[in-house]
Amino acid sequence: MTFLYKQYTLCLFFLVIGLPSLFAQIKGQIVNDKQQPIPNASVRIEGSGRGVSTDTLGRFELEYKGQSKANLNISAVGYQSAKKSLQSQQLDQFQVISLHEDNLNLHEVVVSASRYGMERKKAPVIVNVLSPKLFNATQSVAMSETLNYQPGVRVENNCQNCGFSQVRLNGMEGAYSQILINSRSVFSALNSVYGLDQIPTSMIDRIEVVRSGGSALFGANAIAGTINIITKDPVENDWQVKSTNSLINGKSWDNTIDFNTSYVDNDLKAGATFYGMHRNREAYDANGDGFSEMTKLKNLTFGTKAFFKPSEYNKITLDLSVLNEFRRGGDRLDVSPHFTDVTEQLHTNSLIGGLTFDQYSKDFKHKISLYASAQKTARDSYYGGLGGNREHQDSLLAANSYGTTDDFAMVAGTQYTYTFERDVVTAGVEYSGNKTEDQIPGYKRTIDQKTHGVGAYFQYEWNILSNLKSLLGARYDYTYVDGKYSLADFTRNSSESFGTFSPRVTLLYDITDYLQFRGGYARGFRAPQAFNEDMHVSSVGGEQMFVLIGENLDTEYSNAYTGSLNFTKNFGSTQTSLLVEGFYTDLKNPFTTVRTSEGDNLIIEEMRNGTGAKVYGTNIELNIAPSSSFSVQAGGTIQRSTFKDAQLLFEGATESENISSKRFVRTPNAYGYLNTNYKPISALSLDITGVYTGSMLVPHTIGDDFLLKDTRDFMELNARVGYTLPLKETFSIELFAGVQNMFNAFQKDFDKGATRDSQYIYGPSRPRTVNFGIKIGHFH
């Protein structure tokens with residue numbers, strides 16, 4: 001008995017001694033560099049699944065049951081994540097933990113890497129983010145005006161008459177990129193023609209850009225990359241109204257009024273945000289020939305995004321946008337189009353919407369999403385004119401150059417996500433469809449195209465080691481294309497169904513706390529069908545030029561490889577990041593256009609398969625932020641885009657008249673950007689931004705001659721100054737002014753008159769433009 005009594009006493013003694021390490025109440029406060037509390041910060045114990053959020057004073061209490069030490073992971077929106085290791089003797093001590101501001105947004109949560117929220121720095125895929133701060137600095141009122149400020153991304157204008165623009169990722173034309181709205185692929189080929197100008201920055205929370213490679217989750221046809229437009233979420237009660245006025249080279253006015261406002265219930269179970277824009281831009285004539293280089297433009301946009309949470313475990317999200325646009329270019333813009341020499345006129349109405357239902361399990365490890373999104377667009381168009389002539393036949397054709405386009409695209413599916421202790425599994429299935437009908441009776445032009453696709457995808461986020469992570473994914477798509485295409489006396493048909501398996505492998509290795517390596521491989525494809533350029537008609541030499549799909553086209557495939565080193569380190573209070581990324585994309589059966597024949601009043605470019613091509617190069621990005629009041633971002637791309645064999649661009653009457661090139665046209669070997677932001681005092685902001693465009697090869701038609709010209713390079717610099725008057729806690733006024741393209745780096749050799757080549761346009765999208773305006777409301 002005595003022995004047992006001593007044994008029990010000894011056990012009880014050690015149990016009491018060990019209680020502090022087995023059961024502890026960790027208490028503390030999360031503050032910023034100014035020792036101000038950070039509310040809603042997340043504090044989690046590594047490996048335990050336990051976590052809490054801080055209160056309005058930044059305080060937290062967290063029960064801990066474990067061994068002799070605990071590792072805390074702390075994160076908060078707008079701040080750099082931090083770790084804190086607590087030894088046994090510290091568990092009962094009050095902890096004050098300081099977080100540094102994330103002035104470069106390296107720790108923000110993005111969805112384009114893996115289709116669920118993931119911190120940018122921890123994502124195995126490089127995701128670049130364009131934010132409202134950049135929209136303001138660049139004085140951008142539409143999405144097309146801000147995309148240039150990322151490495152590997154370039155927006156170009158392809159038409160003097162209508163302002164058709166497209167975004168190129170890593171040197172590949174717009175049809176190689178997939179544009180998403182709230183992670184849904186409802187931005188069709190028709191929307192891509194003019195849609196970049198129709199989406200106002202006032203509706204955008206951020207734009208996430210993933211360069212290179214098809215995505216196993218968003219669709220394998222994103223060969224050059226993915227651009228994901230995330231519209232504004234209702235986060236807090238705020239509002240703002242902004243008026244922006246621009247004078248283009250002292251000649252033409254561009255006036256925009258936009259607004260956004262949000263409301264959120266006190267219990268955070270429901271909320272809605274509303275946004276809108278009205279824009280009126282006059283046409284601009286650069287060389288005084290009476291023909292526009294920038295179109296007359298009128299935009300009216302309205303939209304909303306709302307959520308409702310029936311419980312803490314589920315959420316319903318609705319987004320809806322209505323876009324109305326009128327644009328016109330050419331000559332004599334005040335008379336009916338068919339009485340002019342050249343007119344391109346478009347009136348577009350689009351309705352875009354989506355509905356998502358998210359359901360979580362009680363432990364938040366399981367998530368099921370059901371979603372459906374769609375877009376309906378109707379377009380009235382006119383591509384034509386008298387071509388400088390006044391003959392009776394010209395008048396008849398001009399009067400019949402009106403056309404109509406109806407387009408419908410939708411995507412619906414379900415996605416399941418399971419979060420293990422360390423790893424994450426994502427799987428889903430979705431259906432996508434697109435129906436396009438485009439008719440211009442005067443040219444006997446018809447596009448009647450239907451595409452359907454069913455895709456299934458799977459991805460495993462494998463945290464192999466604490467410093468080694470991989471995304472292993474694949475997608476299988478079954479695609480059906482049924483298209484009927486006619487132009488003048490030419491007819492084409494495309495009826496094809498096929499299945500494609502597209503794997504994706506990416507790797508993230510933290511070499512040190514400051515240096516990361518990322519590498520990846522992805523396979524993608526493009527089915528034979530009409531793309532964005534096919535929905536546009538150009539005016540060349542007084543005649544209209546159309547793209548016609550070729551016969552017996554094969555599917556285009558791609559193999560994309562990337563590798564990068566990313567150095568991120570704080571030097572005192574200075575946050576820095578340097579990214580060097582290499583990319584290589586091999587294209588099989590690439591789609592190319594060949595100018596093949598000229599008939600009465602029209603020119604034809606036929607889509608054909610090339611023999612093969614490769615796109616490779618390096619993206620470099622440097623970000624430095626000494627404080628929240630000063631930051632510098634700069635980046636550039638050096639690349640080559642070449643065909644395996646010289647690609648036929650112009651097919652003459654004889655072989656000796658053929659013109660070919662191994663180089664991609666309209667693709668500079670070097671381009672880059674600069675973005676500098678400075679706030680000497682809290683009320684004053686100064687921004688210097690710029691875009692560099694290197695020399696490129698551009699086709700140019702002069703009379704009957706088809707030429708290839710090496711253009712000059714351009715450096716476009718912009719400046720903006722803004723001053724905010726905080727009149728009340730919930731009401732401020734900002735006055736701002738600036739100059740875009742201050743040194744007027746603008747194309748000087750535009751063609752003139754009705755017989756000009758409207759596609760011969762390159763360089764910056766606008767000449768020197770003076771901006772000024774006012775913003776009022778409750779904003780930060």
# chains A, B, ... in the order shown; residues from 1 in each chain; ligands from 1
call {"tool": "residues_around", "arguments": {"residues": "A:Leu190", "least_positions_apart": "2", "cutoff": "7 Å", "atoms": "only C-alpha atoms", "output": "PyMOL selection string"}}
result
chain A and resi 188+192-193+532+535
call {"tool": "write_last_selection", "arguments": {"atoms": "N, CA and C atoms", "output": "compact mmCIF listing (two decimals), in the first residue's frame"}}
result
# COMPACT_ATOMS: atom_id res chain seq x y z
N SER A 188 -17.18 35.61 -74.28
CA SER A 188 -17.07 34.86 -75.53
C SER A 188 -16.14 35.57 -76.52
N SER A 192 -14.88 39.56 -76.73
CA SER A 192 -13.46 39.89 -76.71
C SER A 192 -13.09 40.97 -77.72
N VAL A 193 -13.95 41.19 -78.73
CA VAL A 193 -13.62 42.16 -79.77
C VAL A 193 -13.61 43.57 -79.21
N ASN A 532 -12.07 35.75 -81.99
CA ASN A 532 -12.46 37.15 -81.88
C ASN A 532 -12.19 37.95 -83.15
N MET A 535 -14.84 38.05 -85.85
CA MET A 535 -16.05 38.85 -85.61
C MET A 535 -15.84 40.32 -85.97
call {"tool": "closest_atom_pairs", "arguments": {"of": "stretch 723-780 of chain A", "to": "stretch 696-704 of chain A", "cutoff": "9 Å", "atoms": "only C-alpha atoms", "output": "JSON lines"}}
result
{"residue": "A:Asp751", "atom": "CA", "partner": "A:Ile702", "partner_atom": "CA", "distance": 8.8}
{"residue": "A:Thr755", "atom": "CA", "partner": "A:Gly703", "partner_atom": "CA", "distance": 8.0}
{"residue": "A:Arg756", "atom": "CA", "partner": "A:Ile702", "partner_atom": "CA", "distance": 7.8}
{"residue": "A:Asp757", "atom": "CA", "partner": "A:Thr701", "partner_atom": "CA", "distance": 6.0}
{"residue": "A:Gln759", "atom": "CA", "partner": "A:His700", "partner_atom": "CA", "distance": 7.7}
{"residue": "A:Tyr760", "atom": "CA", "partner": "A:His700", "partner_atom": "CA", "distance": 5.7}
{"residue": "A:Ile761", "atom": "CA", "partner": "A:Val698", "partner_atom": "CA", "distance": 8.4}
{"residue": "A:Tyr762", "atom": "CA", "partner": "A:Val698", "partner_atom": "CA", "distance": 7.9}
call {"tool": "residues_around", "arguments": {"residues": "A:Val129", "least_positions_apart": "2", "cutoff": "9 Å", "atoms": "only C-alpha atoms", "output": "NGL selection string"}}
result
:A and (105 or 110 or 127 or 131 or 150 or 206-209)
call {"tool": "write_last_selection", "arguments": {"atoms": "N, CA and C atoms", "output": "tab-separated table (two decimals), in the first residue's frame"}}
result
chain	number	residue	atom	x	y	z
A	105	ASN	N	1.19	43.77	-51.57
A	105	ASN	CA	0.07	42.83	-51.74
A	105	ASN	C	0.53	41.41	-52.07
A	110	VAL	N	-5.83	35.04	-53.52
A	110	VAL	CA	-6.24	34.99	-54.93
A	110	VAL	C	-6.92	33.65	-55.19
A	127	VAL	N	0.62	34.49	-59.73
A	127	VAL	CA	-0.60	35.24	-59.98
A	127	VAL	C	-0.29	36.72	-59.77
A	131	SER	N	-5.02	46.22	-59.08
A	131	SER	CA	-5.95	46.66	-58.05
A	131	SER	C	-6.44	48.09	-58.32
A	150	GLN	N	1.56	44.88	-66.20
A	150	GLN	CA	2.01	43.60	-65.68
A	150	GLN	C	3.01	43.03	-66.67
A	206	ARG	N	-10.52	43.57	-58.45
A	206	ARG	CA	-9.14	43.28	-58.84
A	206	ARG	C	-9.17	42.44	-60.12
A	207	ILE	N	-8.05	42.42	-60.81
A	207	ILE	CA	-7.87	41.56	-61.98
A	207	ILE	C	-6.70	40.64	-61.69
A	208	GLU	N	-6.94	39.34	-61.74
A	208	GLU	CA	-5.88	38.36	-61.51
A	208	GLU	C	-5.40	37.81	-62.84
A	209	VAL	N	-4.09	37.83	-63.04
A	209	VAL	CA	-3.50	37.40	-64.31
A	209	VAL	C	-2.57	36.21	-64.04
call {"tool": "residues_around", "arguments": {"residues": "stretch 456-459 of chain A", "least_positions_apart": "2", "cutoff": "12 Å", "atoms": "only C-alpha atoms", "output": "count of residues only"}}
result
48
call {"tool": "atom_distance", "arguments": {"atom1": "atom CA of A:Arg379", "atom2": "atom CA of A:Arg332"}}
result
21.9 Å
call {"tool": "closest_residue", "arguments": {"among": "A:Val481, A:Ala372, A:Met294, A:Leu351", "to": "A:Arg328", "atoms": "only C-alpha atoms"}}
result
A:Met294
call {"tool": "closest_atom_pairs", "arguments": {"of": "stretch 506-602 of chain A", "to": "stretch 163-178 of chain A", "cutoff": "10 Å", "atoms": "only C-alpha atoms", "output": "CSV"}}
result
residue,atom,partner,partner_atom,distance
A:Gly524,CA,A:Tyr176,CA,9.9
A:Phe525,CA,A:Tyr176,CA,9.3
A:Arg526,CA,A:Tyr176,CA,8.1
A:Ala530,CA,A:Ala175,CA,9.7
A:Phe531,CA,A:Ala175,CA,6.2
A:Asn532,CA,A:Ala175,CA,6.3
A:Glu533,CA,A:Ala175,CA,8.0
A:His536,CA,A:Phe164,CA,7.7
A:Val537,CA,A:Phe164,CA,9.6
A:Ser538,CA,A:Phe164,CA,9.6
A:Phe583,CA,A:Asn170,CA,8.4
A:Tyr584,CA,A:Asn170,CA,9.5
A:Thr585,CA,A:Asn170,CA,9.4
call {"tool": "atom_distance", "arguments": {"atom1": "atom CA of A:Phe746", "atom2": "atom CA of A:Asp285"}}
result
12.6 Å
call {"tool": "residues_around", "arguments": {"residues": "stretch 154-162 of chain A", "least_positions_apart": "5", "cutoff": "6 Å", "atoms": "only C-alpha atoms", "output": "PyMOL selection string"}}
result
chain A and resi 148+167-168+293+295+329-330+344+758-759
call {"tool": "write_last_selection", "arguments": {"atoms": "C-alpha atoms", "output": "PDB file, in the first residue's frame"}}
result
ATOM      1  CA  ASN A 148      -0.411  46.837 -69.689  1.00  0.00           C
ATOM      2  CA  VAL A 167      -4.810  41.670 -74.960  1.00  0.00           C
ATOM      3  CA  ARG A 168      -1.714  39.602 -75.678  1.00  0.00           C
ATOM      4  CA  GLU A 293      -7.934  57.372 -85.395  1.00  0.00           C
ATOM      5  CA  THR A 295     -13.602  56.184 -82.295  1.00  0.00           C
ATOM      6  CA  GLY A 329     -15.302  55.556 -86.605  1.00  0.00           C
ATOM      7  CA  GLY A 330     -14.483  56.646 -90.131  1.00  0.00           C
ATOM      8  CA  GLU A 344     -17.461  51.101 -88.848  1.00  0.00           C
ATOM      9  CA  SER A 758      -7.163  50.725 -91.070  1.00  0.00           C
ATOM     10  CA  GLN A 759      -5.143  47.850 -89.569  1.00  0.00           C
TER      11      GLN A 759
END
call {"tool": "closest_residue", "arguments": {"among": "A:Asp687, A:Glu421, A:Asp331, A:Asp645", "to": "A:Glu46", "atoms": "only C-alpha atoms"}}
result
A:Glu421
call {"tool": "closest_residue", "arguments": {"among": "A:Ile368, A:Ile603, A:Leu515, A:Leu686", "to": "A:Leu487", "atoms": "only C-alpha atoms"}}
result
A:Ile603
call {"tool": "closest_residue", "arguments": {"among": "A:Ile230, A:Ala137, A:Ile638, A:Val547", "to": "A:Glu581", "atoms": "only C-alpha atoms"}}
result
A:Ile638
call {"tool": "residues_around", "arguments": {"residues": "stretch 198-202 of chain A", "least_positions_apart": "3", "cutoff": "8 Å", "atoms": "only C-alpha atoms", "output": "PyMOL selection string"}}
result
chain A and resi 132+135+140-143+194-195+258-260+275-277+299+301+323-325
call {"tool": "write_last_selection", "arguments": {"atoms": "N, CA and C atoms", "output": "JSON list (two decimals), in the first residue's frame"}}
result
[["chain", "number", "residue", "atom", "x", "y", "z"],
["A", 132, "PRO", "N", -7.47, 48.55, -57.58],
["A", 132, "PRO", "CA", -7.95, 49.92, -57.75],
["A", 132, "PRO", "C", -6.87, 50.98, -57.55],
["A", 135, "PHE", "N", -5.54, 51.35, -60.89],
["A", 135, "PHE", "CA", -6.52, 52.02, -61.76],
["A", 135, "PHE", "C", -6.45, 53.53, -61.58],
["A", 140, "SER", "N", -7.24, 55.22, -65.32],
["A", 140, "SER", "CA", -7.99, 54.30, -66.19],
["A", 140, "SER", "C", -9.47, 54.31, -65.84],
["A", 141, "VAL", "N", -10.31, 54.43, -66.84],
["A", 141, "VAL", "CA", -11.75, 54.32, -66.63],
["A", 141, "VAL", "C", -12.31, 53.02, -67.17],
["A", 142, "ALA", "N", -11.54, 52.31, -68.00],
["A", 142, "ALA", "CA", -11.96, 51.02, -68.57],
["A", 142, "ALA", "C", -10.83, 50.01, -68.41],
["A", 143, "MET", "N", -11.20, 48.75, -68.42],
["A", 143, "MET", "CA", -10.26, 47.67, -68.20],
["A", 143, "MET", "C", -9.11, 47.68, -69.21],
["A", 194, "TYR", "N", -14.66, 43.96, -78.49],
["A", 194, "TYR", "CA", -14.74, 45.31, -77.94],
["A", 194, "TYR", "C", -14.96, 45.33, -76.43],
["A", 195, "GLY", "N", -15.04, 44.17, -75.82],
["A", 195, "GLY", "CA", -15.42, 44.08, -74.41],
["A", 195, "GLY", "C", -14.43, 44.69, -73.44],
["A", 258, "ASP", "N", -18.72, 57.70, -63.04],
["A", 258, "ASP", "CA", -18.94, 56.35, -62.54],
["A", 258, "ASP", "C", -19.21, 56.40, -61.04],
["A", 259, "PHE", "N", -19.80, 55.32, -60.53],
["A", 259, "PHE", "CA", -20.11, 55.26, -59.11],
["A", 259, "PHE", "C", -20.06, 53.81, -58.65],
["A", 260, "ASN", "N", -19.90, 53.61, -57.37],
["A", 260, "ASN", "CA", -20.13, 52.31, -56.73],
["A", 260, "ASN", "C", -20.50, 52.55, -55.28],
["A", 275, "TYR", "N", -22.80, 49.29, -59.01],
["A", 275, "TYR", "CA", -21.81, 50.10, -59.70],
["A", 275, "TYR", "C", -22.36, 50.48, -61.08],
["A", 276, "GLY", "N", -21.82, 51.55, -61.62],
["A", 276, "GLY", "CA", -22.27, 52.00, -62.93],
["A", 276, "GLY", "C", -21.29, 52.98, -63.54],
["A", 277, "MET", "N", -21.43, 53.18, -64.87],
["A", 277, "MET", "CA", -20.57, 54.13, -65.59],
["A", 277, "MET", "C", -21.32, 54.68, -66.78],
["A", 299, "ASN", "N", -20.71, 54.76, -73.64],
["A", 299, "ASN", "CA", -20.88, 53.57, -72.81],
["A", 299, "ASN", "C", -21.88, 53.85, -71.70],
["A", 301, "THR", "N", -23.10, 51.47, -68.36],
["A", 301, "THR", "CA", -22.95, 50.18, -67.67],
["A", 301, "THR", "C", -23.58, 50.27, -66.30],
["A", 323, "LEU", "N", -24.41, 45.98, -70.04],
["A", 323, "LEU", "CA", -23.47, 46.84, -70.74],
["A", 323, "LEU", "C", -24.07, 47.27, -72.07],
["A", 324, "ASN", "N", -24.07, 48.57, -72.30],
["A", 324, "ASN", "CA", -24.57, 49.14, -73.55],
["A", 324, "ASN", "C", -23.49, 50.03, -74.12],
["A", 325, "GLU", "N", -23.13, 49.80, -75.40],
["A", 325, "GLU", "CA", -22.07, 50.60, -76.00],
["A", 325, "GLU", "C", -22.40, 50.94, -77.44]]
call {"tool": "atom_distance", "arguments": {"atom1": "atom CA of A:Ala272", "atom2": "atom CA of A:Glu108"}}
result
22.3 Å
call {"tool": "select_by_dssp", "arguments": {"residues": "stretch 339-472 of chain A", "states": "strand (DSSP E)", "output": "VMD selection string"}}
result
chain A and resid 343 to 360 366 to 384 402 to 419 424 to 440 445 to 465 468 to 472
call {"tool": "residues_around", "arguments": {"residues": "stretch 279-282 of chain A", "least_positions_apart": "4", "cutoff": "6 Å", "atoms": "only C-alpha atoms", "output": "ChimeraX atom specification"}}
result
/A:252-256,296-299
call {"tool": "closest_residue", "arguments": {"among": "A:Lys27, A:Lys588, A:Arg595, A:Arg523", "to": "A:Tyr561", "atoms": "only C-alpha atoms"}}
result
A:Arg523
